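J.: I am attaching a structure below and will ask some questions about it afterwards.
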Amino acid sequence: MSDIPLVPEAIRAYPRLSEKEGLLSWVATVDHKLLGIMYCASALFFFVVGGLEALAMRTQLGTARNTFLSPEAYNQIFTMHGTTMVFLVVVPLMLGFGVYLLPLMIGARDMAFPRLNAMGFWILIFGGILLYYSFVAGGGPNSGWFAHMPLPERAYNSGPGMDYWALGLLAVGIGTTAAGINFIVTTLTMRAPGMKLTQVPMFVWTTFINGFLIVGAIPALNAALVMLLIDRQLNAHFFTPQSGGSSVLYQHIFWTFGHPEVYIMVLPAFGMISEVLPVFSRKPLFGYTAVAFSTLAIAFLSYTTYAHHMFAVGLGHVFELMFAASSELIAIPTGIKIFNWIFTMWGGKLRFTTSMLYAIGFILLFTIGGISGVTFAIVPTDWQTTDSYYVVAHMHYVLFGGTLFAVLSGVFYWFPKASGRMIPERLGKLHFWLTFIGFNMTFFIQHFLGLMGMPRRVFTYDDNTNWSLFNLISTVGTFILGLSVILFIYIIIYTLLKGEKAGDNPWDAWTLEWATTSPPPIENFQQLPPIRSRRPLWDLAHPEDPDWARSHKRRQPATPERSNDRP
Amino acid sequence: MFNPVSPQGKVISDLFILILVIGGLVFALVVGLTFYAVWSGRRRARNAESGEPEQVSGNLKWEIAWTVGPAVLLAALFVPTLLAMNASDPNKEQNGEPDIIVVGHQWWWEYRYPKANVVTANEMHMPAGKQVLVKLESADVQHDFWVPQLGRKMDMYPDHPNYLYLQSDVPSTYLGGCAEYCGVEHAWMLLRVIVQPQNEFDAWLSHQAQPPVIGGPVAQVAASPVAVTAQTGVGTQEAAAGDPKRGAQVYLNNTCVNCHAISGTTSQAKVGPNLTYLGGRSVLGSGVVENNSANLARWILNAKSIKPGVLMPAYQLNPQDLRDLVAYLEAQK
């Protein structure tokens, strides 16, 4: 046991309040685990808010010429639905999982900058409150989540909503950037002794790369927001064409942020899938290097593809072809991942836990989203499908069927670690099927609506052939999704109160977070197992066939004495 | 978009179907592999044999295969993309005079036929079987011109004009709408493109070029009694008809003229839709309601009750003035 490295002692103890302080200990904490849980809990709160907004929208769209919502109300609600889901739900979920898991996975005590970590979270929450305060202050933002100019300018938008929108997102952006910096530094400097960068779990890789994406992309958004604020408050003319500005300029700046943002919202989800699939297939991740490199490739390419959001602008064929080529390129690393995940399951012994069901559901739904995404890279088809319900369907397949299914897979996988209690599988599987059916019912049919000519962001529509029927089906699906959210909250509460004890490693998983107690103690680890491969706990359980004795370069089955595996 | 009536639209439709087929095959492959992996993995897990499966961690050959495969497929797709771009959106003579100028407004469409000096609104007429060069502009915020059956959509900016070739070989009325969110009434900024045989179109255009003539008892139009009564509370008998000649005076004496234009009169403002030959249009408010006397009366009294957020203010006209005004506008067919 001499090769077990001890966790290095902190030079100075982190200031922490003890658990006796109750609620105050949550507010004042700099512990990455509490902050991670708070990120996820606040994301769940905003998910419920954004979900209620979606229910209101779908109710309004249930039949043609419905008058459930006024157009003013509808426009504020769809803007806030998009803004909430992107900036206050999906991104915080990615950050929350990163903040919670990153130190545990690399055997560290905490993030590199614990106070920055806490600051990032609270600023993000402050930004969220600021956004929603706009409703009290005289009208919410109403220009859509990407706020194409010059509609949000003062001449067309005299209410305070867009000012709150810009200020709120500025705050959210600062918080997000703080977390991004923390991810980079933590991964580079806080890994346990002996753990190489090529040995960290895939989720650490994706979160690490996500850090760079955040640090690179958010400044573009913040620049656009500041310019909008200067336009609105100080009567400048950045984006007002009537007085010499350029409205297209805003689109260039916004989508320079906007497309990497898509990957900020999905890369860590790829990481979660890459953790869950191997454990429930009882095999290592297929092609670790390929998955890591394809993540890197996606991150680089994501900065070069932004203008495929702008093919309808009329920027010229040469310009559009450049971005068509780069957008098609990004499909390649994404495809690599899909096949690597399938071949991770291939030849394994599969255990169909709720988490695994969500991971398999993710592969199928994300593939649909990826294939419909090719339509937007191919310029002429983009000219037809962009800004229609087809794009609404596409992005929900990527962000809901993709990211959110991966997150749910991650929730069912890591909840026992964070809470120390097991989620009842029967309830979990009911939740999966409810979500799966509700999701597909809501969004698959929207592809057809888009192709039939229904533009997005309309508060109502004329009674054209089949439009009412298709919209009604979509609306019914939304209510099934609503039920699944209620069930999810029930599951969480039930598990916290009555769930069975989980133990340290209920799934027989192999990465470091399972080497400590559930929930982990405040210092995370008393001692670490030796780290000589990507799966330290496998090495510990299988001294006769450790990973480090095997070559990763080629297809290499176990050692010749395979039959001596666990009897 | 699957019933294209123009060569431009058909190219895109065909390309979309090609992508759909290829995408469908790829999806079938992914689903097939996934289900096989799931099914065999389930069977293996149920087998009595315990122990872990073979610890395969990669296979370079396969990984190269599924990198190169999609790359080749996408590179191959690039060729039809290029061809379809040129076919569906050919290079335009930027200097050539456009046949039609479309100006997007919050929330209606202005159509100008510069060669015939005609301005109209909300219903676009074009000749069948002929390629028409359309210039797209915006008077305020960003809009987008999209008639799915005719081909691509194109954004409209206050910054710079865009050009588009439109063509339809089948005379009919095609529906579309503004596809870029443009504010409160984005949903009711619908497009109607009326494609007519060349001779009918020519007749329509030369008719529009003439200022409307109002007069004579023939032009009297019956206002729908019930609806006008409901709105104005006037008895049915007198409400039966209005006098268009007097209506013209009502129009010119009110603030209508501050925003609207009718050719042949002193009213030439360009803020709201041009009302010349309004009676010949089939819808009001850019597609929100059918164009009939009752709806027109409601619209004049309180447009916001039909289209909330519309920029036109409510008018307080006495019943007789309203009837006459409606009769005047409807008489111009």
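Going by the structure tokens order, chains are called A, B, ..., each with residues numbered from 1, while ligands are numbered from 1 in the order shown.
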Could you list, as a ChimeraX atom specification, the residues of chain A having an atom within 7 Å of chain B when counting only C-alpha atoms?
T.: /A:71-72,75,150-151,241,246-247,282-287,312-314,328,332,336,342,345-350,364,367,371,378-381,383-384,387-388,451-453,455,457-461,552,554-558,565-567
J.: Residues within 9 Å of segment 433-435 of chain A, please, as number ranges by chain. Count only C-alpha atoms; anything in the same chain fewer than 4 positions from it doesn't count.
T.: A: 428-429, 439-440, 480-485
J.: Take the residues from that selection and put them in a file with all heavy atoms, as a CSV table (one decimal), in the first residue's frame.
T.:
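Saved the output as selection.csv:
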```
chain,number,residue,atom,x,y,z
A,428,GLY,N,-38.1,6.0,-11.6
A,428,GLY,CA,-37.2,6.6,-12.6
A,428,GLY,C,-37.6,6.2,-14.0
A,428,GLY,O,-37.6,7.0,-14.9
A,429,LYS,N,-37.9,4.9,-14.2
A,429,LYS,CA,-38.2,4.4,-15.5
A,429,LYS,C,-39.5,5.0,-16.0
A,429,LYS,O,-39.7,5.3,-17.2
A,429,LYS,CB,-38.3,2.9,-15.5
A,429,LYS,CG,-36.8,2.3,-15.6
A,429,LYS,CD,-36.7,0.9,-15.6
A,429,LYS,CE,-35.2,0.5,-15.6
A,429,LYS,NZ,-34.9,-0.8,-15.1
A,439,PHE,N,-41.8,14.3,-25.0
A,439,PHE,CA,-40.9,15.1,-25.8
A,439,PHE,C,-41.1,14.9,-27.3
A,439,PHE,O,-41.2,15.8,-28.1
A,439,PHE,CB,-39.4,14.7,-25.4
A,439,PHE,CG,-38.4,15.3,-26.4
A,439,PHE,CD1,-38.0,16.6,-26.3
A,439,PHE,CD2,-37.9,14.5,-27.4
A,439,PHE,CE1,-37.1,17.1,-27.2
A,439,PHE,CE2,-37.0,15.0,-28.3
A,439,PHE,CZ,-36.6,16.3,-28.2
A,440,ASN,N,-41.1,13.6,-27.7
A,440,ASN,CA,-41.3,13.3,-29.2
A,440,ASN,C,-42.6,13.8,-29.7
A,440,ASN,O,-42.7,14.3,-30.8
A,440,ASN,CB,-41.1,11.9,-29.4
A,440,ASN,CG,-39.6,11.5,-29.4
A,440,ASN,OD1,-38.8,12.0,-30.2
A,440,ASN,ND2,-39.2,10.7,-28.4
A,480,ILE,N,-47.9,16.4,-21.3
A,480,ILE,CA,-47.3,15.2,-20.8
A,480,ILE,C,-45.9,15.5,-20.2
A,480,ILE,O,-45.5,15.0,-19.1
A,480,ILE,CB,-47.1,14.2,-21.9
A,480,ILE,CG1,-48.5,13.8,-22.4
A,480,ILE,CG2,-46.4,12.9,-21.4
A,480,ILE,CD1,-48.5,12.8,-23.6
A,481,LEU,N,-45.1,16.4,-20.9
A,481,LEU,CA,-43.8,16.8,-20.3
A,481,LEU,C,-44.0,17.5,-19.0
A,481,LEU,O,-43.2,17.3,-18.1
A,481,LEU,CB,-43.1,17.8,-21.3
A,481,LEU,CG,-42.4,17.1,-22.5
A,481,LEU,CD1,-41.8,18.2,-23.4
A,481,LEU,CD2,-41.3,16.2,-22.0
A,482,GLY,N,-45.1,18.3,-18.9
A,482,GLY,CA,-45.4,19.0,-17.6
A,482,GLY,C,-45.6,18.0,-16.5
A,482,GLY,O,-45.0,18.1,-15.4
A,483,LEU,N,-46.3,16.9,-16.8
A,483,LEU,CA,-46.5,15.8,-15.8
A,483,LEU,C,-45.2,15.2,-15.4
A,483,LEU,O,-44.9,14.9,-14.2
A,483,LEU,CB,-47.4,14.7,-16.4
A,483,LEU,CG,-48.9,14.9,-16.4
A,483,LEU,CD1,-49.6,13.7,-16.9
A,483,LEU,CD2,-49.3,15.1,-14.9
A,484,SER,N,-44.3,15.0,-16.4
A,484,SER,CA,-43.0,14.4,-16.1
A,484,SER,C,-42.2,15.2,-15.2
A,484,SER,O,-41.4,14.7,-14.4
A,484,SER,CB,-42.3,14.0,-17.4
A,484,SER,OG,-41.5,15.1,-17.9
A,485,VAL,N,-42.3,16.6,-15.3
A,485,VAL,CA,-41.5,17.5,-14.4
A,485,VAL,C,-42.1,17.3,-13.0
A,485,VAL,O,-41.3,17.3,-12.0
A,485,VAL,CB,-41.6,18.9,-14.9
A,485,VAL,CG1,-40.9,19.8,-14.0
A,485,VAL,CG2,-40.9,19.0,-16.3
```
J.: I'd like to know which residues of segment 299-483 of chain A are alpha helix (DSSP H) (by DSSP, run on the backbone); could you write them as number ranges by chain?
T.: A: 299-302, 317-345, 354-377, 379-385, 389-398, 405-419, 425-452, 467-483
J.: Which neighbours of Leu365 of chain A fall inside 9 Å, counting only C-alpha atoms, when residues of the same chain fewer than 5 positions from it are skipped, and could you give them as an MDAnalysis selection string?
T.: chainID A and resid 360 370 397:398 400:402 405 440
J.: What does the distance from atom CA of Glu290 of chain B to atom CA of Gln446 of chain A come to in Å, to one decimal?
T.: 27.7 Å
J.: For atom CA of Val250 of chain B and atom CA of Gln316 of chain B, quote the distance in Å rounded to one decimal.
T.: 12.1 Å
J.: Please identify which residues in segment 34-162 of chain B DSSP calls strand (DSSP E or B) from the backbone, and express them as a ChimeraX atom specification.
T.: /B:100-105,108-113,118-121,124-127,132-138,143-146,154-156,162
J.: Excluding Leu124 of chain A and any residue of its chain fewer than 6 positions from it, enumerate the residues within 9 Å of it, using only C-alpha atoms, and give them as a list in words.
T.: Phe87, Leu88, Pro92, Gly168, Leu169, Ala171, Val172, Gly173, Ile174, Gly175 and Thr176 of chain A
